[in-house]
Protein chains: 4
Amino acid sequence: MRAMVYHGPGQAVLAEVPDPEITDDADVIVRVEATTICGTDLHILAGDVPSVRIGRVLGHEAVGTVADVGSAVRSRGPGDRVLVPCISACGACRFCREGHYGQCRGGGGWILGRSYDGTQAEYVRVPFADTSTYRLPGGVGDEDVLMLADILPTGYEVGVLRAGISPGDVVAVVGTGPVGLAAITGSRLFSPSHIVAVDHADTRLEAARLFGADLVVNNASGDALAAVQSVTDGLGADVVIEAVGQPDAFELAVGLGRPGARIANIGIHGKPAALHLEDLWLKDTTITTGLVDTSSVPALLRLLASGQLDARKLVTHRFAFDDFERAYDVFAKPADTGALKVVVTP
Amino acid sequence: MRAMVYHGPGQAVLAEVPDPEITDDADVIVRVEATTICGTDLHILAGDVPSVRIGRVLGHEAVGTVADVGSAVRSRGPGDRVLVPCISACGACRFCREGHYGQCRGGGGWILGRSYDGTQAEYVRVPFADTSTYRLPGGVGDEDVLMLADILPTGYEVGVLRAGISPGDVVAVVGTGPVGLAAITGSRLFSPSHIVAVDHADTRLEAARLFGADLVVNNASGDALAAVQSVTDGLGADVVIEAVGQPDAFELAVGLGRPGARIANIGIHGKPAALHLEDLWLKDTTITTGLVDTSSVPALLRLLASGQLDARKLVTHRFAFDDFERAYDVFAKPADTGALKVVVTP
Amino acid sequence: MRAMVYHGPGQAVLAEVPDPEITDDADVIVRVEATTICGTDLHILAGDVPSVRIGRVLGHEAVGTVADVGSAVRSRGPGDRVLVPCISACGACRFCREGHYGQCRGGGGWILGRSYDGTQAEYVRVPFADTSTYRLPGGVGDEDVLMLADILPTGYEVGVLRAGISPGDVVAVVGTGPVGLAAITGSRLFSPSHIVAVDHADTRLEAARLFGADLVVNNASGDALAAVQSVTDGLGADVVIEAVGQPDAFELAVGLGRPGARIANIGIHGKPAALHLEDLWLKDTTITTGLVDTSSVPALLRLLASGQLDARKLVTHRFAFDDFERAYDVFAKPADTGALKVVVTP
Amino acid sequence: MRAMVYHGPGQAVLAEVPDPEITDDADVIVRVEATTICGTDLHILAGDVPSVRIGRVLGHEAVGTVADVGSAVRSRGPGDRVLVPCISACGACRFCREGHYGQCRGGGGWILGRSYDGTQAEYVRVPFADTSTYRLPGGVGDEDVLMLADILPTGYEVGVLRAGISPGDVVAVVGTGPVGLAAITGSRLFSPSHIVAVDHADTRLEAARLFGADLVVNNASGDALAAVQSVTDGLGADVVIEAVGQPDAFELAVGLGRPGARIANIGIHGKPAALHLEDLWLKDTTITTGLVDTSSVPALLRLLASGQLDARKLVTHRFAFDDFERAYDVFAKPADTGALKVVVTP
């Protein structure tokens with residue numbers, strides 16, 4: 001079959017590889033019908049994820065159809081349409097039993113496209129299939145559902161749910177790339193009174209408006225704190241979501257919060273940030289970090305099916321499988337291409 | 001001044017009474033600019049609330065302007081536009097300090113129009129003014145705000161917040177009179193996947209659709225449980241809100257819940273209901289009751305101001321103060337008049 | 001092997017039956033080293049659980065050693081000492097993934113000794129072994145652990161956790177049979193200021209004191225409400241736990257709560273109770289029911305291992321396997337025998 | 001009257017000052033019967049709290065008797081025995097109404113001994129008396145109650161409640177000075193399986209054992225992480241409480257947490273700490289900071305009265321009022337004197 005294979009830093013190559021086979025009774029083989037590229041894939045290509053070895057099939061998001069089923073799989077059968085999310089769950093370890101699949105100690109977690117061959121392929125083997133795939137209801141489109149494999153649950157779980165938004169809250173989102181936009185979309189589900197989007201690129205801020213931010217501020221030229229204060233009687237935001245992954249963005253995010261604020265970090269960081277405890281120690285601040293669990297997928301599927309979650313607007317580009325390398329090029333240069341998420345179909 | 005005065009069962013009379021005066025340092029006098037009638041007022045007229053004595057000015061909801069201020073009032077001054085909610089709060093007792101103003105042990109709770117002269121008057125004395133009025137932001141209309149005096153917080157706090165709705169949940173609302181509609185409106189703030197409205201009057205069910213129910217069922221002719229099961233894979237609703245106040249409605253509500261359901265009772269009941277513990281003991285059911293605290297008013301005001309809460313659609317009829325008795329007639333016969341809430345302005 | 005077999009109402013017979021065998025890849029066979037009898041077993045004998053067919057091996061609580069392992073079992077191996085709790089969990093259905101194993105839709109729930117042959121035998125087949133057994137740490141005794149198979153998690157999860165006890169709360173427990181005593185023990189973990197135990201048998205109330213109640217009241221002769229009011233400034237209890245399963249006990253329990261109380265029902269009820277909504281509608285009451293999930297077993301095991309949970313004091317009688325029928329007799333007549341829990345060992 | 005007066009950095013002087021008088025209708029005057037010194041007072045003497053002006057009476061903790069009452073005070077009268085906690089609450093601002101008195105925007109918060117004359121005096125004026133004093137039940141001693149003015153609620157609210165301890169959790173406490181010990185005492189109320197205390201002074205670690213730590217480690221010579229891992233299967237602590245206020249202690253605290261840990265900072269910090277987001281971004285960590293609200297005082301009083309909170313063991317030294325300067329000397333040199341809390345009585 002064809003697949004996108006990691007050939008070392010900078011090289012994701014469309015290559016012919018053997019079809020995957022069931023190697024554990026709990027596996028399924030899924031025929032991939034739509035897949036996408038994640039910012040994490042670019043981190044791998046940058047050489048930042050040394051656990052990914054040369055020869056690994058990339059990708060950790062797919063929609064497809066079950067083609068083959070291991071003997072211990074109970075609730076999936078050939079022909080089932082499924083979502084393959086970025087997180088696999090053994091289902092039995094302490095963390096899985098508490099719903100924290102991203103922290104799975106039983107062999108799951110983020111493994112697809114990392115320690116297992118991934119989803120940017122015609123077929124993918126998914127372990128722990130009963131707890132690592134989601135069967136799809138009728139009436140939901142591949143592209144919508146594909147956004148539930150990683151980006152929407154990431155914005156929703158790590159940003160929105162970890163922070164805890166109540167109706168009427170003022171939410172600030174720092175960073176309006178795809179994950180920040182997903183956080184904005186997810187925030188809307190809790191009816192905040194205002195969503196203030198902060199970025200340094202005007203095109204991204206336009207997108208932020210489209211996704212539900214009602215106040216946008218370019219922090220290259222404007223004053224994010226003043227903008228937040230203007231809608232909070234000078235107090236600061238109830239909730240701040242960091243979706244950049246840089247120390248200065250994190251410190252800005254923390255500074256935007258009111259006394260009692262909840263600050264949720266989604267950004268993938270490569271170095272420490274300064275935590276200004278000399279200001280924060282008495283401010284009743286809560287700061288959270290986290291990896292997605294994809295435990296929210298069932299709820300998000302219900303919202304998709306009832307027409308209340310518009311996932312498709314994250315999809316800006318579509319490619320055939322033969323053009324997968326070009327899809328990477330487009331996705332890697334969002335400033336030029338305006339790419340948010342790209343969908344690749346065989 | 002003129003006021004609606006309780007003259008005994010069945011008699012609410014527009015009469016001339018003395019203007020209220022400040023009798024406690026924490027009082028304010030509010031000049032009423034809009035008031036309304038509550039279902040509870042009809043209970044009083046029916047003779048069901050014996051603590052209300054003849055001669056009492058009725059009413060516990062108002063928007064107005066502060067006309068006079070007691071010497072111990074800190075944060076309200078003459079000319080302030082305020083909401084007078086149905087609940088007064090001493091601010092210092094155990095319950096008030098925990099946010100449960102409806103249970104105030106320090107002289108507050110539901111007292112206006114009950115043990116204190118009420119708001120259906122040109123002026124009203126409000127005790128504990130710092131904690132029993134809400135100052136209004138600019139840009140919100142009297143009619144919208146007036147709906148925050150009782151009905152919207154009741155639906156939101158006693159129904160929505162007590163039940164605990166998460167995005168994607170299926171919510172059933174039994175009874176779609178004004179309070180049920182307020183519960184539907186409040187539920188929408190948490191983005192349920194479906195709201196199933198149940199009533200025995202088709203006109204009310206039409207209103208339910210308008211307020212955000214996407215599935216309505218007339219339980220006189222249809223099968224409420226089947227309707228709920230149709231959108232929950234046969235399981236039952238995640239959340240059920242009872243907004244009728246009759247044993248059969250409560251029992252229906254409990255029966256619509258899935259294992260693990262939360263059932264919030266808003267209805268004002270006059271007699272016991274049967275609780276089918278022989279079915280429920282193993283079903284992980286949570287049942288809540290409660291009086292409104294109006295603690296959600298600040299959040300609801302923010303939502304009003306940001307245009308995300310459309311309170312005005314509850315207002316079906318408007319009257320001048322001279323027509324107050326007619327307003328009672330219209331409000332008391334919703335089946336004929338289609339009345340939800342009526343607004344009376346001096 | 002020998003096992004206690006249900007031969008119809010009133011008849012639990014020690015009989016020779018075939019050894020269980022692995023019939024599903026996820027099964028294990030456990031050699032039983034200690035088992036016990038539950039109040040539910042007496043319900044079965046009374047004919048109240050018609051789903052139990054004649055010939056069924058009884059029992060749903062055991063400590064033992066894994067003797068054989070199905071091919072799909074990942075984390076249990078021969079020789080592992082395990083707890084077999086009353087609830088089996090498929091691990092993959094919606095309810096299991098949310099931790100509500102008692103509501104399992106994938107073939108688990110309370111099945112041992114009901115639709116599967118149970119633990120009152122020399123060997124027992126346990127399905128879904130990875131998620132339906134708990135591996136035991138060193139240093140914990142069989143008898144202590146056995147109390148974690150059902151009774152302690154039931155008191156803790158369905159009573160204590162569902163009600164939500166905070167340090168300093170006043171807790172009332174209605175019914176001080178074994179489950180009520182387990183609820184008292186579990187309540188102590190949250191440091192209430194008072195635990196008021198209510199029963200109509202003085203011997204049980206003595207036991208209640210031993211388990212941690214500091215105020216006991218015989219409601220045959222005394223006034224439970226007055227006792228609760230005496231330690232709550234007349235308000236009523238913060239938390240009430242019902243552990244009887246009779247309408248009058250439930251109604252008493254509800255009546256003992258203060259405004260804002262949480263009432264947790266553990267009792268197994270056979271008929272409806274009256275819910276006095278005419279009093280409760282404005283009292284901010286929360287009532288919960290539920291079946292145990294045994295999801296608290298890991299935490300309770302840690303408390304056992306660290307010496308902070310004294311489970312063994314629930315064990316009043318011990319029997320050899322040959323005396324199993326006598327164990328039933330003793331357990332069935334607690335008023336005469338003083339039995340709380342009996343332990344039977346092969 | 002006599003009082004301890006701030007005469008500039010390094011100088012707390014026992015001086016004669018005018019008696020306080022009621023200047024606001026909501027004030028009370030309390031005759032001080034016991035007061036104490038806080039670490040914050042030493043910060044003031046170090047010149048670290050520039051808002052404290054020369055001439056200010058120090059102190060923010062007292063037990064005493066109401067001597068005079070403003071005309072707007074409702075629920076306190078002359079002769080009432082009261083606790084004066086470190087936080088005053090206006091009772092009406094947004095933060096007070098949500099229970100966050102420490103963040104009061106209406107003129108309260110930490111004001112005694114800072115912007116108001118404090119409690120290290122024979123009399124103290126307390127503003128907002130209805131919501132800034134707690135009436136004492138019978139049967140509780142002055143010294144016990146005095147520990148509820150600041151140190152116990154600080155350890156309990158900012159450490160224990162903000163972190164969220166569940167029975168069976170493993171808790172690590174970094175820093176075992178008085179606040180750390182208060183956090184250990186408070187943690188015990190939730191029955192953790194282990195409390196690991198970390199400090200660099202063996203005498204403090206001995207105290208930690210006395211207050212309830214079952215595992216202590218000197219991080220000058222030992223390995224705190226290894227100690228924590230030894231009781232958590234190598235995972236790390238469920239909850240970590242930082243009670244030092246130095247960057248290295250904070251970073252150590254964060255490093256002791258397992259994936260999913262809650263880290264509560266109590267320490268008063270003077271400079272930033274490094275937050276290792278490069279490790280934390282995917283670890284589901286929650287970090288909290290906060291100022292005490294003293295909202296837990298009613299619950300802690302109930303625990304004192306029922307004999308479940310032993311506050312007095314925090315008191316190591318007692319002084320008469322004439323020896324107040326010596327009390328400061330002893331309290332300022334705990335390494336030499338072993339002082340935890342000192343009590344001064346007129």
# chains A, B, ... in the order shown; residues from 1 in each chain; ligands from 1
>>> interface_residues(of="chain B", to="chain C", cutoff="8 Å", atoms="only C-alpha atoms", output="compact mmCIF listing (two decimals) with all heavy atoms, in the first residue's frame")
# COMPACT_ATOMS: atom_id res chain seq x y z
N GLN B 103 -32.37 30.68 50.76
CA GLN B 103 -32.52 30.05 52.07
C GLN B 103 -32.08 30.98 53.21
O GLN B 103 -31.85 30.52 54.33
CB GLN B 103 -31.67 28.76 52.12
CG GLN B 103 -31.95 27.78 50.99
CD GLN B 103 -33.35 27.18 51.03
OE1 GLN B 103 -33.98 27.14 52.08
NE2 GLN B 103 -33.83 26.73 49.88
N PRO B 259 -30.21 5.67 33.13
CA PRO B 259 -29.38 5.39 34.30
C PRO B 259 -28.32 6.49 34.41
O PRO B 259 -27.67 6.83 33.42
CB PRO B 259 -28.73 4.05 33.95
CG PRO B 259 -29.65 3.42 32.96
CD PRO B 259 -30.23 4.56 32.18
N ASN B 265 -36.24 19.30 39.72
CA ASN B 265 -37.61 19.74 39.90
C ASN B 265 -37.66 21.26 40.08
O ASN B 265 -37.00 21.79 40.98
CB ASN B 265 -38.22 19.08 41.15
CG ASN B 265 -39.66 19.51 41.34
OD1 ASN B 265 -40.55 18.98 40.67
ND2 ASN B 265 -39.89 20.50 42.21
N ILE B 266 -38.42 21.94 39.22
CA ILE B 266 -38.66 23.37 39.44
C ILE B 266 -40.10 23.58 39.90
O ILE B 266 -40.40 24.56 40.56
CB ILE B 266 -38.46 24.19 38.14
CG1 ILE B 266 -37.19 23.80 37.39
CG2 ILE B 266 -38.43 25.68 38.48
CD1 ILE B 266 -36.98 24.61 36.11
N GLY B 267 -40.97 22.67 39.54
CA GLY B 267 -42.39 22.85 39.81
C GLY B 267 -42.70 23.07 41.28
O GLY B 267 -42.04 22.51 42.16
N ILE B 268 -43.72 23.89 41.53
CA ILE B 268 -44.20 24.15 42.88
C ILE B 268 -45.28 23.13 43.19
O ILE B 268 -46.35 23.16 42.58
CB ILE B 268 -44.75 25.57 42.99
CG1 ILE B 268 -43.65 26.58 42.65
CG2 ILE B 268 -45.33 25.82 44.38
CD1 ILE B 268 -44.11 28.03 42.70
N HIS B 269 -44.99 22.25 44.11
CA HIS B 269 -45.90 21.13 44.38
C HIS B 269 -46.74 21.38 45.62
O HIS B 269 -46.28 21.98 46.58
CB HIS B 269 -45.09 19.84 44.56
CG HIS B 269 -44.45 19.35 43.30
ND1 HIS B 269 -44.97 18.33 42.55
CD2 HIS B 269 -43.35 19.77 42.63
CE1 HIS B 269 -44.20 18.12 41.48
NE2 HIS B 269 -43.20 18.99 41.51
N GLY B 270 -47.96 20.85 45.57
CA GLY B 270 -48.86 20.97 46.70
C GLY B 270 -49.08 19.65 47.42
O GLY B 270 -49.69 19.62 48.49
N LYS B 271 -48.59 18.57 46.82
CA LYS B 271 -48.77 17.28 47.49
C LYS B 271 -47.64 16.33 47.11
O LYS B 271 -46.87 16.62 46.20
CB LYS B 271 -50.15 16.70 47.15
CG LYS B 271 -50.57 16.70 45.71
CD LYS B 271 -52.00 16.13 45.60
CE LYS B 271 -52.52 16.14 44.16
NZ LYS B 271 -52.66 17.50 43.58
N PRO B 272 -47.54 15.21 47.84
CA PRO B 272 -46.41 14.30 47.59
C PRO B 272 -46.53 13.62 46.23
O PRO B 272 -47.63 13.49 45.67
CB PRO B 272 -46.54 13.24 48.70
CG PRO B 272 -47.52 13.77 49.68
CD PRO B 272 -48.40 14.74 48.94
N ALA B 273 -45.40 13.19 45.72
CA ALA B 273 -45.37 12.32 44.55
C ALA B 273 -44.82 10.97 44.99
O ALA B 273 -44.16 10.86 46.02
CB ALA B 273 -44.48 12.92 43.46
N ALA B 274 -45.12 9.96 44.18
CA ALA B 274 -44.55 8.63 44.46
C ALA B 274 -43.14 8.59 43.86
O ALA B 274 -42.94 8.94 42.70
CB ALA B 274 -45.40 7.54 43.86
N LEU B 275 -42.20 8.16 44.67
CA LEU B 275 -40.83 7.99 44.18
C LEU B 275 -40.59 6.49 44.04
O LEU B 275 -40.58 5.76 45.04
CB LEU B 275 -39.83 8.61 45.17
CG LEU B 275 -38.39 8.66 44.67
CD1 LEU B 275 -38.26 9.64 43.50
CD2 LEU B 275 -37.46 9.07 45.80
N HIS B 276 -40.40 6.05 42.81
CA HIS B 276 -40.35 4.61 42.56
C HIS B 276 -38.96 4.05 42.85
O HIS B 276 -38.24 3.64 41.95
CB HIS B 276 -40.83 4.30 41.14
CG HIS B 276 -42.30 4.54 41.00
ND1 HIS B 276 -43.24 3.65 41.47
CD2 HIS B 276 -43.00 5.59 40.51
CE1 HIS B 276 -44.47 4.14 41.25
NE2 HIS B 276 -44.34 5.32 40.66
N LEU B 277 -38.67 4.00 44.14
CA LEU B 277 -37.36 3.51 44.56
C LEU B 277 -37.14 2.06 44.19
O LEU B 277 -36.00 1.61 44.08
CB LEU B 277 -37.20 3.70 46.08
CG LEU B 277 -37.00 5.15 46.50
CD1 LEU B 277 -37.15 5.28 48.02
CD2 LEU B 277 -35.64 5.67 46.06
N GLU B 278 -38.22 1.32 43.98
CA GLU B 278 -38.06 -0.08 43.59
C GLU B 278 -37.40 -0.18 42.20
O GLU B 278 -36.76 -1.17 41.88
CB GLU B 278 -39.40 -0.82 43.63
CG GLU B 278 -40.36 -0.50 42.50
CD GLU B 278 -41.15 0.80 42.71
OE1 GLU B 278 -40.73 1.63 43.54
OE2 GLU B 278 -42.19 0.97 42.04
N LEU B 280 -35.59 2.77 41.02
CA LEU B 280 -34.51 3.76 41.03
C LEU B 280 -33.31 3.35 41.86
O LEU B 280 -32.22 3.87 41.66
CB LEU B 280 -35.03 5.10 41.57
CG LEU B 280 -36.07 5.81 40.71
CD1 LEU B 280 -36.63 6.99 41.48
CD2 LEU B 280 -35.44 6.28 39.40
N TRP B 281 -33.50 2.46 42.82
CA TRP B 281 -32.43 2.24 43.81
C TRP B 281 -31.10 1.88 43.15
O TRP B 281 -30.05 2.20 43.68
CB TRP B 281 -32.82 1.20 44.87
CG TRP B 281 -32.85 -0.23 44.40
CD1 TRP B 281 -33.91 -0.92 43.92
CD2 TRP B 281 -31.74 -1.14 44.35
NE1 TRP B 281 -33.54 -2.20 43.57
CE2 TRP B 281 -32.22 -2.35 43.83
CE3 TRP B 281 -30.38 -1.05 44.70
CZ2 TRP B 281 -31.39 -3.47 43.65
CZ3 TRP B 281 -29.55 -2.15 44.52
CH2 TRP B 281 -30.07 -3.36 44.00
N LEU B 282 -31.15 1.29 41.98
CA LEU B 282 -29.90 0.88 41.35
C LEU B 282 -29.61 1.66 40.07
O LEU B 282 -28.76 1.29 39.29
CB LEU B 282 -29.89 -0.63 41.09
CG LEU B 282 -30.58 -1.18 39.85
CD1 LEU B 282 -30.39 -2.67 39.76
CD2 LEU B 282 -32.01 -0.78 39.76
N LYS B 283 -30.30 2.80 39.88
CA LYS B 283 -30.18 3.49 38.58
C LYS B 283 -29.28 4.72 38.61
O LYS B 283 -29.21 5.47 37.64
CB LYS B 283 -31.58 3.91 38.09
CG LYS B 283 -32.23 2.87 37.19
CD LYS B 283 -33.49 3.42 36.53
CE LYS B 283 -33.21 4.25 35.29
NZ LYS B 283 -34.44 4.72 34.63
N ASP B 284 -28.61 4.98 39.71
CA ASP B 284 -27.69 6.14 39.78
C ASP B 284 -28.41 7.44 39.41
O ASP B 284 -27.90 8.26 38.64
CB ASP B 284 -26.49 5.96 38.85
CG ASP B 284 -25.58 4.82 39.25
OD1 ASP B 284 -25.91 4.09 40.19
OD2 ASP B 284 -24.52 4.67 38.62
N THR B 285 -29.59 7.61 39.96
CA THR B 285 -30.38 8.80 39.66
C THR B 285 -30.09 9.90 40.68
O THR B 285 -29.87 9.62 41.86
CB THR B 285 -31.87 8.44 39.69
OG1 THR B 285 -32.11 7.44 38.68
CG2 THR B 285 -32.75 9.65 39.41
N THR B 286 -30.10 11.13 40.22
CA THR B 286 -29.99 12.28 41.12
C THR B 286 -31.22 13.15 40.91
O THR B 286 -31.55 13.50 39.78
CB THR B 286 -28.73 13.11 40.79
OG1 THR B 286 -27.59 12.27 40.91
CG2 THR B 286 -28.60 14.29 41.75
N ILE B 287 -31.90 13.46 42.00
CA ILE B 287 -33.09 14.31 41.96
C ILE B 287 -32.82 15.54 42.79
O ILE B 287 -32.38 15.44 43.94
CB ILE B 287 -34.31 13.55 42.50
CG1 ILE B 287 -34.63 12.36 41.59
CG2 ILE B 287 -35.51 14.48 42.64
CD1 ILE B 287 -35.64 11.40 42.16
N THR B 288 -33.09 16.71 42.23
CA THR B 288 -32.86 17.94 42.98
C THR B 288 -34.12 18.79 43.02
O THR B 288 -34.95 18.76 42.11
CB THR B 288 -31.75 18.79 42.33
OG1 THR B 288 -32.16 19.15 41.00
CG2 THR B 288 -30.44 18.04 42.26
N THR B 289 -34.23 19.52 44.11
CA THR B 289 -35.29 20.52 44.22
C THR B 289 -34.62 21.83 44.61
O THR B 289 -33.45 21.85 44.97
CB THR B 289 -36.29 20.16 45.33
OG1 THR B 289 -35.64 20.31 46.61
CG2 THR B 289 -36.80 18.74 45.20
N GLY B 290 -35.37 22.92 44.56
CA GLY B 290 -34.73 24.14 45.02
C GLY B 290 -35.51 25.40 44.73
O GLY B 290 -36.31 25.47 43.80
N LEU B 291 -35.25 26.37 45.57
CA LEU B 291 -35.77 27.71 45.37
C LEU B 291 -34.67 28.52 44.70
O LEU B 291 -33.49 28.28 44.92
CB LEU B 291 -36.08 28.32 46.74
CG LEU B 291 -36.81 29.66 46.75
CD1 LEU B 291 -38.22 29.53 46.18
CD2 LEU B 291 -36.89 30.21 48.17
>>> residues_around(residues="Ala172 in chain A", least_positions_apart="4", cutoff="7 Å", atoms="only C-alpha atoms", output="VMD selection string")
chain A and resid 195 to 197 237 239 to 241
>>> residues_around(residues="His194 in chain A", least_positions_apart="2", cutoff="10 Å", atoms="only C-alpha atoms", output="PyMOL selection string")
(chain A and resi 167-172+187-188+191-192+196-197+212-215+228+231-232+237) or (chain B and resi 302-303+306+308)
>>> select_by_dssp(residues="range 72-313 of chain D", states="helix (DSSP H, G or I)", output="JSON, numbers by chain")
{"D": [94, 95, 96, 97, 101, 102, 103, 129, 130, 131, 132, 142, 143, 144, 145, 146, 151, 152, 153, 154, 155, 156, 157, 158, 159, 160, 161, 162, 163, 178, 179, 180, 181, 182, 183, 184, 185, 186, 187, 188, 202, 203, 204, 205, 206, 207, 208, 209, 210, 211, 224, 225, 226, 227, 228, 229, 230, 247, 248, 249, 250, 251, 252, 253, 254, 255, 277, 278, 279, 280, 297, 298, 299, 300, 301, 302, 303, 304, 305, 312, 313]}
>>> residues_around(residues="range 121-131 of chain D", least_positions_apart="2", cutoff="8 Å", atoms="only C-alpha atoms", output="PyMOL selection string")
(chain B and resi 92) or (chain D and resi 1-4+19-22+24+26-33+57+73-76+84+88-91+112+117-119+133-134+346)
>>> residues_around(residues="Gln11 in chain A", least_positions_apart="2", cutoff="12 Å", atoms="only C-alpha atoms", output="short mmCIF file (atom, residue, chain, number, x, y, z; two decimals) with C-alpha atoms, in the first residue's frame")
data_model
loop_
_atom_site.label_atom_id
_atom_site.label_comp_id
_atom_site.auth_asym_id
_atom_site.auth_seq_id
_atom_site.Cartn_x
_atom_site.Cartn_y
_atom_site.Cartn_z
CA MET A 4 3.64 8.73 4.08
CA VAL A 5 6.88 7.49 5.61
CA TYR A 6 9.33 9.36 7.80
CA HIS A 7 12.75 9.23 6.16
CA GLY A 8 14.52 11.45 8.69
CA PRO A 9 14.36 15.18 9.50
CA VAL A 13 7.95 10.57 1.56
CA LEU A 14 5.02 8.93 -0.22
CA ALA A 15 6.24 5.35 -0.47
CA ASP A 41 3.77 15.76 12.36
CA LEU A 42 5.73 18.90 11.56
CA HIS A 43 7.46 18.60 14.94
CA ILE A 44 8.45 15.06 13.97
CA LEU A 45 9.80 16.28 10.63
CA ALA A 46 11.74 18.96 12.47
CA GLY A 47 13.46 16.16 14.35
CA ILE A 54 13.11 6.28 10.26
CA GLY A 55 10.65 4.16 8.32
CA ARG A 56 7.67 4.97 10.51
CA VAL A 57 4.37 5.64 8.75
CA LEU A 58 3.19 9.04 9.93
CA GLU A 325 3.64 15.45 -0.19
CA TYR A 328 2.52 18.66 3.70
CA ASP A 329 3.99 21.64 1.85
#
>>> residues_around(residues="Thr337 in chain B", least_positions_apart="2", cutoff="12 Å", atoms="only C-alpha atoms", output="list of chain:residue names")
B:Thr203, B:Arg204, B:Thr316, B:His317, B:Arg326, B:Ala327, B:Tyr328, B:Asp329, B:Val330, B:Phe331, B:Ala332, B:Lys333, B:Pro334, B:Ala335, B:Ala339, B:Leu340, B:Lys341, B:Val342
>>> residues_around(residues="His200 in chain C", least_positions_apart="5", cutoff="10 Å", atoms="only C-alpha atoms", output="list in words")
Val174, Gly175, Thr176, Leu205, Val217, Asn218, Asn219, Ala220, Ser221 and Gly222 of chain C
>>> atom_distance(atom1="CA of Ser193 in chain A", atom2="CA of Glu61 in chain B")
24.4 Å
>>> atom_distance(atom1="CA of Gly113 in chain B", atom2="CA of Gly155 in chain B")
20.5 Å
>>> atom_distance(atom1="CA of Leu152 in chain B", atom2="CA of Ala182 in chain B")
5.2 Å
>>> select_by_dssp(residues="range 115-283 of chain B", states="strand (DSSP E)", output="PyMOL selection string")
chain B and resi 123-126+134-135+170-174+194-199+215-218+237-242+257-265+273-275
>>> closest_residue(among="B:Gly141, B:Ser295, B:Glu251, B:Asp310", to="Arg97 in chain B", atoms="only C-alpha atoms")
B:Ser295
